[in-house]
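K.L.:
Input file: data.txt. Contents: compact mmCIF, N, CA and C atoms.
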# COMPACT_ATOMS: atom_id res chain seq x y z
N MET A 1 206.44 -8.81 188.48
CA MET A 1 206.36 -10.26 188.51
C MET A 1 207.54 -10.82 187.74
N LYS A 2 208.25 -11.74 188.35
CA LYS A 2 209.39 -12.40 187.71
C LYS A 2 209.06 -13.87 187.52
N ASN A 3 209.16 -14.35 186.28
CA ASN A 3 208.93 -15.77 186.00
C ASN A 3 207.62 -16.27 186.58
N GLY A 4 206.59 -15.44 186.53
CA GLY A 4 205.29 -15.82 187.05
C GLY A 4 205.18 -15.79 188.57
N ARG A 5 206.25 -15.38 189.26
CA ARG A 5 206.24 -15.34 190.72
C ARG A 5 206.08 -13.89 191.18
N THR A 6 205.24 -13.70 192.18
CA THR A 6 205.04 -12.35 192.71
C THR A 6 206.14 -12.01 193.71
N GLU A 7 206.36 -10.72 193.89
CA GLU A 7 207.42 -10.26 194.79
C GLU A 7 206.89 -9.38 195.92
N GLY A 8 205.57 -9.21 195.99
CA GLY A 8 204.99 -8.27 196.94
C GLY A 8 205.44 -8.46 198.38
N GLY A 9 205.37 -9.68 198.87
CA GLY A 9 205.76 -9.95 200.26
C GLY A 9 207.21 -9.62 200.52
N THR A 10 208.09 -10.02 199.62
CA THR A 10 209.52 -9.73 199.76
C THR A 10 209.76 -8.23 199.71
N LEU A 11 209.10 -7.55 198.79
CA LEU A 11 209.28 -6.10 198.68
C LEU A 11 208.78 -5.38 199.92
N ILE A 12 207.63 -5.81 200.45
CA ILE A 12 207.12 -5.19 201.68
C ILE A 12 208.11 -5.38 202.82
N SER A 13 208.67 -6.57 202.95
CA SER A 13 209.65 -6.83 204.01
C SER A 13 210.89 -5.95 203.85
N GLN A 14 211.38 -5.83 202.62
CA GLN A 14 212.56 -5.00 202.38
C GLN A 14 212.25 -3.53 202.64
N ILE A 15 211.10 -3.07 202.19
CA ILE A 15 210.69 -1.68 202.42
C ILE A 15 210.61 -1.42 203.92
N HIS A 16 210.04 -2.36 204.66
CA HIS A 16 209.92 -2.21 206.10
C HIS A 16 211.30 -2.02 206.74
N GLN A 17 212.25 -2.86 206.37
CA GLN A 17 213.58 -2.78 206.97
C GLN A 17 214.27 -1.46 206.64
N VAL A 18 214.26 -1.08 205.37
CA VAL A 18 214.93 0.14 204.94
C VAL A 18 214.23 1.37 205.55
N CYS A 19 212.91 1.38 205.50
CA CYS A 19 212.18 2.53 206.04
C CYS A 19 212.39 2.69 207.54
N GLN A 20 212.53 1.61 208.27
CA GLN A 20 212.82 1.72 209.70
C GLN A 20 214.14 2.45 209.93
N ARG A 21 215.15 2.10 209.13
CA ARG A 21 216.46 2.75 209.28
C ARG A 21 216.39 4.22 208.88
N VAL A 22 215.70 4.51 207.79
CA VAL A 22 215.55 5.89 207.35
C VAL A 22 214.75 6.69 208.37
N TRP A 23 213.66 6.13 208.87
CA TRP A 23 212.83 6.82 209.85
C TRP A 23 213.63 7.10 211.12
N TYR A 24 214.45 6.15 211.55
CA TYR A 24 215.28 6.38 212.73
C TYR A 24 216.24 7.54 212.49
N ALA A 25 216.83 7.61 211.30
CA ALA A 25 217.73 8.72 210.97
C ALA A 25 216.98 10.06 210.99
N VAL A 26 215.77 10.08 210.45
CA VAL A 26 214.96 11.30 210.46
C VAL A 26 214.63 11.68 211.90
N LEU A 27 214.22 10.71 212.71
CA LEU A 27 213.92 11.00 214.11
C LEU A 27 215.15 11.54 214.83
N SER A 28 216.30 10.92 214.58
CA SER A 28 217.54 11.36 215.24
C SER A 28 217.89 12.79 214.87
N ARG A 29 217.76 13.13 213.60
CA ARG A 29 218.06 14.51 213.16
C ARG A 29 217.15 15.53 213.83
N ASN A 30 215.97 15.08 214.24
CA ASN A 30 214.99 15.97 214.84
C ASN A 30 214.88 15.83 216.36
N GLY A 31 215.81 15.08 216.97
CA GLY A 31 215.81 14.91 218.42
C GLY A 31 214.65 14.10 218.95
N LEU A 32 214.21 13.13 218.17
CA LEU A 32 213.03 12.34 218.53
C LEU A 32 213.34 10.85 218.66
N GLU A 33 214.54 10.51 219.08
CA GLU A 33 214.94 9.11 219.16
C GLU A 33 214.01 8.26 220.03
N ASP A 34 213.39 8.88 221.05
CA ASP A 34 212.50 8.12 221.93
C ASP A 34 211.24 7.63 221.21
N LEU A 35 211.00 8.12 219.99
CA LEU A 35 209.83 7.67 219.24
C LEU A 35 210.18 6.60 218.21
N ALA A 36 211.39 6.09 218.25
CA ALA A 36 211.81 5.09 217.28
C ALA A 36 211.11 3.76 217.53
N GLY A 37 210.92 3.02 216.46
CA GLY A 37 210.37 1.68 216.55
C GLY A 37 208.96 1.63 217.09
N ALA A 38 208.69 0.57 217.80
CA ALA A 38 207.34 0.32 218.32
C ALA A 38 206.93 1.34 219.39
N ARG A 39 207.92 1.93 220.06
CA ARG A 39 207.59 2.95 221.07
C ARG A 39 206.81 4.09 220.41
N GLY A 40 207.28 4.51 219.26
CA GLY A 40 206.59 5.58 218.53
C GLY A 40 205.19 5.16 218.10
N ARG A 41 205.05 3.91 217.66
CA ARG A 41 203.72 3.43 217.26
C ARG A 41 202.73 3.51 218.41
N VAL A 42 203.19 3.18 219.61
CA VAL A 42 202.32 3.24 220.79
C VAL A 42 201.96 4.68 221.11
N ILE A 43 202.95 5.55 221.14
CA ILE A 43 202.69 6.97 221.43
C ILE A 43 201.77 7.58 220.38
N PHE A 44 202.04 7.31 219.10
CA PHE A 44 201.18 7.85 218.02
C PHE A 44 199.75 7.38 218.19
N ALA A 45 199.58 6.09 218.52
CA ALA A 45 198.22 5.55 218.71
C ALA A 45 197.53 6.26 219.87
N LEU A 46 198.27 6.52 220.94
CA LEU A 46 197.68 7.20 222.10
C LEU A 46 197.40 8.67 221.82
N TRP A 47 198.10 9.27 220.89
CA TRP A 47 197.78 10.65 220.49
C TRP A 47 196.41 10.69 219.82
N ASN A 48 196.08 9.62 219.09
CA ASN A 48 194.78 9.57 218.41
C ASN A 48 193.65 9.24 219.37
N GLU A 49 193.96 8.41 220.37
CA GLU A 49 192.96 8.05 221.38
C GLU A 49 193.68 7.63 222.65
N ASP A 50 193.51 8.40 223.68
CA ASP A 50 194.22 8.17 224.94
C ASP A 50 193.33 7.39 225.91
N ASN A 51 193.97 6.80 226.92
CA ASN A 51 193.25 6.09 227.97
C ASN A 51 192.42 4.93 227.40
N ILE A 52 193.12 4.03 226.72
CA ILE A 52 192.43 2.92 226.05
C ILE A 52 192.91 1.57 226.59
N PRO A 53 192.07 0.56 226.44
CA PRO A 53 192.46 -0.78 226.88
C PRO A 53 193.64 -1.32 226.06
N ILE A 54 194.42 -2.15 226.69
CA ILE A 54 195.57 -2.76 226.00
C ILE A 54 195.09 -3.50 224.76
N LYS A 55 193.95 -4.16 224.84
CA LYS A 55 193.42 -4.90 223.69
C LYS A 55 193.22 -3.98 222.48
N LYS A 56 192.72 -2.78 222.72
CA LYS A 56 192.52 -1.81 221.63
C LYS A 56 193.85 -1.30 221.10
N LEU A 57 194.82 -1.15 221.99
CA LEU A 57 196.15 -0.71 221.59
C LEU A 57 196.83 -1.77 220.72
N VAL A 58 196.57 -3.04 221.01
CA VAL A 58 197.07 -4.13 220.16
C VAL A 58 196.53 -3.95 218.74
N GLU A 59 195.24 -3.67 218.62
CA GLU A 59 194.62 -3.47 217.30
C GLU A 59 195.20 -2.25 216.58
N LYS A 60 195.37 -1.15 217.30
CA LYS A 60 195.82 0.09 216.69
C LYS A 60 197.29 0.04 216.25
N THR A 61 198.10 -0.75 216.93
CA THR A 61 199.53 -0.81 216.62
C THR A 61 199.93 -2.04 215.81
N SER A 62 199.05 -3.03 215.75
CA SER A 62 199.34 -4.32 215.10
C SER A 62 200.49 -5.06 215.78
N LEU A 63 200.74 -4.75 217.03
CA LEU A 63 201.74 -5.47 217.81
C LEU A 63 201.04 -6.58 218.57
N ASP A 64 201.73 -7.71 218.78
CA ASP A 64 201.10 -8.75 219.58
C ASP A 64 201.15 -8.33 221.05
N LYS A 65 200.29 -8.93 221.85
CA LYS A 65 200.12 -8.49 223.24
C LYS A 65 201.41 -8.61 224.04
N ALA A 66 202.17 -9.67 223.84
CA ALA A 66 203.41 -9.86 224.60
C ALA A 66 204.42 -8.76 224.26
N THR A 67 204.57 -8.46 222.98
CA THR A 67 205.49 -7.39 222.56
C THR A 67 205.02 -6.05 223.11
N LEU A 68 203.73 -5.79 222.96
CA LEU A 68 203.17 -4.52 223.43
C LEU A 68 203.37 -4.35 224.94
N THR A 69 203.18 -5.42 225.69
CA THR A 69 203.35 -5.35 227.14
C THR A 69 204.76 -4.92 227.50
N GLY A 70 205.76 -5.48 226.82
CA GLY A 70 207.15 -5.10 227.08
C GLY A 70 207.41 -3.64 226.74
N ILE A 71 206.83 -3.17 225.65
CA ILE A 71 207.01 -1.77 225.24
C ILE A 71 206.33 -0.84 226.24
N ILE A 72 205.13 -1.21 226.67
CA ILE A 72 204.43 -0.40 227.67
C ILE A 72 205.23 -0.37 228.97
N ASP A 73 205.83 -1.51 229.35
CA ASP A 73 206.67 -1.55 230.55
C ASP A 73 207.77 -0.49 230.46
N ARG A 74 208.46 -0.44 229.32
CA ARG A 74 209.57 0.50 229.16
C ARG A 74 209.08 1.94 229.07
N LEU A 75 207.95 2.16 228.37
CA LEU A 75 207.39 3.51 228.29
C LEU A 75 206.94 4.00 229.67
N GLU A 76 206.40 3.08 230.46
CA GLU A 76 205.98 3.43 231.82
C GLU A 76 207.20 3.73 232.68
N ARG A 77 208.23 2.91 232.57
CA ARG A 77 209.47 3.13 233.32
C ARG A 77 210.07 4.51 232.99
N ASP A 78 209.98 4.90 231.71
CA ASP A 78 210.55 6.17 231.26
C ASP A 78 209.61 7.35 231.46
N GLY A 79 208.42 7.09 232.01
CA GLY A 79 207.51 8.17 232.37
C GLY A 79 206.60 8.68 231.27
N TYR A 80 206.46 7.94 230.16
CA TYR A 80 205.62 8.39 229.05
C TYR A 80 204.17 7.93 229.16
N VAL A 81 203.95 6.77 229.78
CA VAL A 81 202.60 6.24 229.91
C VAL A 81 202.39 5.72 231.33
N LYS A 82 201.13 5.49 231.66
CA LYS A 82 200.80 4.84 232.92
C LYS A 82 199.65 3.88 232.66
N ARG A 83 199.60 2.85 233.48
CA ARG A 83 198.51 1.89 233.43
C ARG A 83 197.55 2.20 234.57
N VAL A 84 196.26 2.16 234.25
CA VAL A 84 195.24 2.34 235.28
C VAL A 84 194.15 1.30 235.07
N GLN A 85 193.53 0.92 236.15
CA GLN A 85 192.44 -0.04 236.09
C GLN A 85 191.17 0.69 235.65
N SER A 86 190.42 0.08 234.76
CA SER A 86 189.15 0.64 234.29
C SER A 86 188.16 0.71 235.44
N ASN A 87 187.43 1.82 235.53
CA ASN A 87 186.38 1.94 236.55
C ASN A 87 185.18 1.06 236.22
N GLU A 88 184.92 0.88 234.90
CA GLU A 88 183.76 0.09 234.48
C GLU A 88 183.98 -1.41 234.62
N ASP A 89 185.23 -1.85 234.34
CA ASP A 89 185.53 -3.28 234.38
C ASP A 89 186.91 -3.46 234.99
N LYS A 90 186.96 -3.92 236.19
CA LYS A 90 188.22 -4.03 236.94
C LYS A 90 189.21 -4.99 236.28
N ARG A 91 188.74 -5.84 235.37
CA ARG A 91 189.63 -6.77 234.67
C ARG A 91 190.40 -6.09 233.54
N VAL A 92 189.97 -4.89 233.16
CA VAL A 92 190.56 -4.18 232.01
C VAL A 92 191.59 -3.16 232.49
N THR A 93 192.76 -3.21 231.87
CA THR A 93 193.81 -2.24 232.15
C THR A 93 193.83 -1.23 231.01
N LEU A 94 193.80 0.04 231.37
CA LEU A 94 193.85 1.13 230.39
C LEU A 94 195.27 1.70 230.35
N VAL A 95 195.66 2.16 229.18
CA VAL A 95 196.97 2.80 229.02
C VAL A 95 196.72 4.26 228.69
N SER A 96 197.39 5.13 229.44
CA SER A 96 197.22 6.58 229.28
C SER A 96 198.57 7.26 229.14
N ARG A 97 198.58 8.36 228.42
CA ARG A 97 199.77 9.22 228.33
C ARG A 97 199.91 9.99 229.64
N THR A 98 201.15 10.30 229.99
CA THR A 98 201.40 11.09 231.19
C THR A 98 201.55 12.58 230.87
N GLY A 99 201.78 12.89 229.61
CA GLY A 99 202.02 14.27 229.22
C GLY A 99 203.49 14.52 228.90
N LYS A 100 204.37 13.63 229.32
CA LYS A 100 205.80 13.79 229.04
C LYS A 100 206.07 13.80 227.53
N ASP A 101 205.20 13.14 226.77
CA ASP A 101 205.35 13.06 225.32
C ASP A 101 204.98 14.35 224.59
N GLU A 102 204.42 15.32 225.30
CA GLU A 102 203.99 16.57 224.67
C GLU A 102 205.15 17.29 223.98
N ILE A 103 206.37 17.12 224.48
CA ILE A 103 207.52 17.78 223.86
C ILE A 103 207.75 17.31 222.43
N PHE A 104 207.25 16.12 222.11
CA PHE A 104 207.42 15.59 220.76
C PHE A 104 206.45 16.20 219.76
N LYS A 105 205.32 16.66 220.25
CA LYS A 105 204.25 17.12 219.34
C LYS A 105 204.66 18.31 218.48
N GLN A 106 205.57 19.16 218.97
CA GLN A 106 206.01 20.29 218.16
C GLN A 106 206.99 19.85 217.07
N LYS A 107 207.76 18.79 217.34
CA LYS A 107 208.80 18.35 216.41
C LYS A 107 208.34 17.31 215.40
N ILE A 108 207.35 16.52 215.74
CA ILE A 108 206.98 15.39 214.89
C ILE A 108 206.43 15.80 213.53
N PRO A 109 205.68 16.91 213.39
CA PRO A 109 205.21 17.27 212.05
C PRO A 109 206.36 17.49 211.05
N LYS A 110 207.44 18.11 211.50
CA LYS A 110 208.59 18.34 210.61
C LYS A 110 209.22 17.00 210.20
N ALA A 111 209.39 16.11 211.16
CA ALA A 111 209.98 14.80 210.87
C ALA A 111 209.07 14.00 209.94
N SER A 112 207.77 14.01 210.17
CA SER A 112 206.82 13.28 209.31
C SER A 112 206.84 13.83 207.89
N LYS A 113 206.89 15.15 207.79
CA LYS A 113 206.93 15.78 206.46
C LYS A 113 208.20 15.38 205.72
N GLU A 114 209.31 15.35 206.43
CA GLU A 114 210.58 14.94 205.83
C GLU A 114 210.51 13.49 205.35
N GLN A 115 209.96 12.61 206.18
CA GLN A 115 209.84 11.19 205.80
C GLN A 115 208.91 11.03 204.61
N ASN A 116 207.77 11.71 204.62
CA ASN A 116 206.82 11.60 203.51
C ASN A 116 207.42 12.12 202.21
N LYS A 117 208.20 13.17 202.31
CA LYS A 117 208.86 13.73 201.11
C LYS A 117 209.81 12.69 200.49
N LEU A 118 210.55 11.99 201.35
CA LEU A 118 211.44 10.92 200.88
C LEU A 118 210.64 9.75 200.33
N PHE A 119 209.64 9.36 201.06
CA PHE A 119 208.86 8.16 200.74
C PHE A 119 208.10 8.31 199.42
N TYR A 120 207.48 9.46 199.21
CA TYR A 120 206.60 9.65 198.06
C TYR A 120 207.22 10.45 196.92
N ARG A 121 208.54 10.59 196.94
CA ARG A 121 209.21 11.33 195.87
C ARG A 121 208.85 10.72 194.51
N GLY A 122 208.38 11.56 193.60
CA GLY A 122 208.04 11.11 192.25
C GLY A 122 206.63 10.56 192.10
N PHE A 123 205.84 10.55 193.15
CA PHE A 123 204.47 10.05 193.10
C PHE A 123 203.50 11.21 192.92
N SER A 124 202.47 10.99 192.10
CA SER A 124 201.38 11.96 192.00
C SER A 124 200.42 11.74 193.17
N GLN A 125 199.53 12.68 193.41
CA GLN A 125 198.53 12.52 194.47
C GLN A 125 197.64 11.32 194.21
N ASP A 126 197.27 11.09 192.95
CA ASP A 126 196.46 9.91 192.61
C ASP A 126 197.22 8.62 192.89
N GLU A 127 198.49 8.58 192.55
CA GLU A 127 199.30 7.39 192.81
C GLU A 127 199.41 7.13 194.32
N ILE A 128 199.59 8.18 195.10
CA ILE A 128 199.67 8.02 196.55
C ILE A 128 198.37 7.46 197.10
N ARG A 129 197.25 8.01 196.66
CA ARG A 129 195.94 7.53 197.11
C ARG A 129 195.75 6.06 196.74
N ASP A 130 196.02 5.71 195.49
CA ASP A 130 195.86 4.32 195.05
C ASP A 130 196.78 3.38 195.82
N PHE A 131 198.04 3.77 195.96
CA PHE A 131 199.03 2.97 196.67
C PHE A 131 198.57 2.69 198.11
N GLU A 132 198.13 3.74 198.80
CA GLU A 132 197.70 3.56 200.18
C GLU A 132 196.44 2.70 200.27
N ASN A 133 195.57 2.81 199.30
CA ASN A 133 194.39 1.93 199.28
C ASN A 133 194.78 0.47 199.08
N TYR A 134 195.76 0.22 198.22
CA TYR A 134 196.24 -1.16 198.02
C TYR A 134 196.87 -1.69 199.31
N LEU A 135 197.66 -0.86 199.97
CA LEU A 135 198.28 -1.30 201.22
C LEU A 135 197.24 -1.60 202.28
N LYS A 136 196.19 -0.78 202.36
CA LYS A 136 195.11 -1.03 203.32
C LYS A 136 194.44 -2.37 203.04
N ARG A 137 194.25 -2.68 201.76
CA ARG A 137 193.64 -3.96 201.40
C ARG A 137 194.54 -5.13 201.80
N ILE A 138 195.84 -5.00 201.54
CA ILE A 138 196.78 -6.05 201.92
C ILE A 138 196.79 -6.23 203.43
N LEU A 139 196.83 -5.12 204.16
CA LEU A 139 196.81 -5.19 205.61
C LEU A 139 195.55 -5.88 206.11
N GLN A 140 194.41 -5.54 205.56
CA GLN A 140 193.15 -6.17 205.98
C GLN A 140 193.17 -7.66 205.65
N ASN A 141 193.68 -8.03 204.46
CA ASN A 141 193.78 -9.45 204.11
C ASN A 141 194.63 -10.20 205.12
N CYS A 142 195.74 -9.61 205.52
CA CYS A 142 196.63 -10.24 206.51
C CYS A 142 195.95 -10.34 207.87
N LYS A 143 195.25 -9.28 208.28
CA LYS A 143 194.54 -9.32 209.56
C LYS A 143 193.44 -10.38 209.54
N ASP A 144 192.74 -10.48 208.42
CA ASP A 144 191.70 -11.51 208.29
C ASP A 144 192.30 -12.90 208.41
N ALA A 145 193.46 -13.11 207.80
CA ALA A 145 194.11 -14.41 207.85
C ALA A 145 194.60 -14.73 209.25
N GLU A 146 194.97 -13.70 210.00
CA GLU A 146 195.47 -13.87 211.35
C GLU A 146 194.35 -14.27 212.33
N SER A 147 193.13 -13.82 212.04
CA SER A 147 192.00 -14.06 212.95
C SER A 147 191.58 -15.51 212.99
Give the structure from the file, written as C-alpha cells.
P.N.:
Amino acid sequence: MKNGRTEGGTLISQIHQVCQRVWYAVLSRNGLEDLAGARGRVIFALWNEDNIPIKKLVEKTSLDKATLTGIIDRLERDGYVKRVQSNEDKRVTLVSRTGKDEIFKQKIPKASKEQNKLFYRGFSQDEIRDFENYLKRILQNCKDAES
C-alpha cells in the first residue's frame, strides 16, 4: 500500500501482461505456439470437460461470448474443435475437440512445470496455497460484480 492507496488491480494487470509474454516464450520453446493466448484457455477447458455448451465454455474461460465465438471460429478453421447441435436442445451448440490437440498433451506438462517454476520461485507450499486462495476470492468478487 502506497500513501493509503492499494495497488492490487494495477499489479494484477501488470502480472497478466508480463506472464502472457513469458508463457508465450515457454510455449514457443516447447513447440506449443498454437496454445498461446485464449486459444490455449479454450483447449485447456475442453481437456477438463469436452463436448460442452458455449455458455459453459464462457464460464470456464472467463471470456465474453463474442470473443469466445471468434476464437472457436479460428480453432474450428484450424481443425482443433467442432461445433455440434445438442441432441437434447436444438438451440444449444456444443463445442468438442477433434483430437488434433492430442499432440499437445505430451508436451504441455513440461511447459506448465517450467512456467510454474518461474512463477512460484521463492514461494513455500503454504504461501502458494494462500496466494491461490486469495486470487480465487478476488476472481469470485469480480465475477459477482459482473453478474
K.L.:
Show which residues sit within 8 Å of Gly37 of chain A, as a PyMOL selection string. Count only N, CA and C atoms, and ignore same-chain residues fewer than 6 positions away.
P.N.:
chain A and resi 20+23-24
K.L.:
Could you state the separation of atom CA of Asp50 of chain A and atom CA of Ser86 of chain A in Å, given to one decimal place?
P.N.:
13.0 Å
K.L.:
I'd like to know which of A:Ile108, A:Ala145, A:Leu139, A:Leu118 is closest to Leu32 of chain A, using only N, CA and C atoms.
P.N.:
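Checking each of A:Ile108, A:Ala145, A:Leu139, A:Leu118 against Leu32 of chain A, counting only N, CA and C atoms, the winner is A:Ile108.
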K.L.:
Hey, what does DSSP flag as helix (DSSP H, G or I) within chain A? Can you give it to me as number ranges by chain?
P.N.:
A: 8-29, 33-35, 37-48, 54-61, 65-77, 102-105, 108-119, 125-146
K.L.:
Looking at A:Lys65, A:Glu59, A:Gln125, A:Val81, which one is nearest to Gln140 of chain A, with distances taken over only C-alpha atoms?
P.N.:
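Using only C-alpha atoms, Gln140 of chain A sits closest to A:Glu59.
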K.L.:
The centre and edge lengths of an axis-aligned box containing all atoms of segment 46-65 of chain A present in the file, extended by 6 Å on each side, are to be given in Å to one decimal, as lines of an AutoDock Vina configuration file.
P.N.:
center_x = 196.9
center_y = 0.9
center_z = 221.5
size_x = 21.7
size_y = 31.6
size_z = 24.9
K.L.:
Around the point (196.0, 1.6, 231.9), in the coordinates given by the file, pick out the residues reaching within 7 Å, counting all atoms listed in the file, and return them as a ChimeraX atom specification.
P.N.:
/A:51-54,82-86,92-96
K.L.:
Next, write the just-selected residues to a file, as a compact mmCIF listing (two decimals), in the frame of the given file, keeping N, CA and C atoms as the atom set.
P.N.:
# COMPACT_ATOMS: atom_id res chain seq x y z
N ASN A 51 193.97 6.80 226.92
CA ASN A 51 193.25 6.09 227.97
C ASN A 51 192.42 4.93 227.40
N ILE A 52 193.12 4.03 226.72
CA ILE A 52 192.43 2.92 226.05
C ILE A 52 192.91 1.57 226.59
N PRO A 53 192.07 0.56 226.44
CA PRO A 53 192.46 -0.78 226.88
C PRO A 53 193.64 -1.32 226.06
N ILE A 54 194.42 -2.15 226.69
CA ILE A 54 195.57 -2.76 226.00
C ILE A 54 195.09 -3.50 224.76
N LYS A 82 201.13 5.49 231.66
CA LYS A 82 200.80 4.84 232.92
C LYS A 82 199.65 3.88 232.66
N ARG A 83 199.60 2.85 233.48
CA ARG A 83 198.51 1.89 233.43
C ARG A 83 197.55 2.20 234.57
N VAL A 84 196.26 2.16 234.25
CA VAL A 84 195.24 2.34 235.28
C VAL A 84 194.15 1.30 235.07
N GLN A 85 193.53 0.92 236.15
CA GLN A 85 192.44 -0.04 236.09
C GLN A 85 191.17 0.69 235.65
N SER A 86 190.42 0.08 234.76
CA SER A 86 189.15 0.64 234.29
C SER A 86 188.16 0.71 235.44
N VAL A 92 189.97 -4.89 233.16
CA VAL A 92 190.56 -4.18 232.01
C VAL A 92 191.59 -3.16 232.49
N THR A 93 192.76 -3.21 231.87
CA THR A 93 193.81 -2.24 232.15
C THR A 93 193.83 -1.23 231.01
N LEU A 94 193.80 0.04 231.37
CA LEU A 94 193.85 1.13 230.39
C LEU A 94 195.27 1.70 230.35
N VAL A 95 195.66 2.16 229.18
CA VAL A 95 196.97 2.80 229.02
C VAL A 95 196.72 4.26 228.69
N SER A 96 197.39 5.13 229.44
CA SER A 96 197.22 6.58 229.28
C SER A 96 198.57 7.26 229.14
K.L.:
Write out as a list in words the set of residues from chain A that DSSP, computed on the backbone, places in strand (DSSP E).
P.N.:
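Residues of chain A classed as strand (DSSP E): Ile52, Pro53, Val81, Lys82, Arg83, Val84, Gln85, Thr93, Leu94, Val95, Ser96 and Arg97 of chain A.
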K.L.:
Between atom CA of Ala66 of chain A and atom N of His16 of chain A, measure the distance and give it in Å to one decimal.
P.N.:
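These two atoms are separated by 22.3 Å.
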K.L.:
So how many Å separate atom CA of Leu27 of chain A and atom CA of Gln115 of chain A, to one decimal?
P.N.:
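Taking atom CA of Leu27 of chain A as the start and atom CA of Gln115 of chain A as the end point, the length is 9.3 Å.
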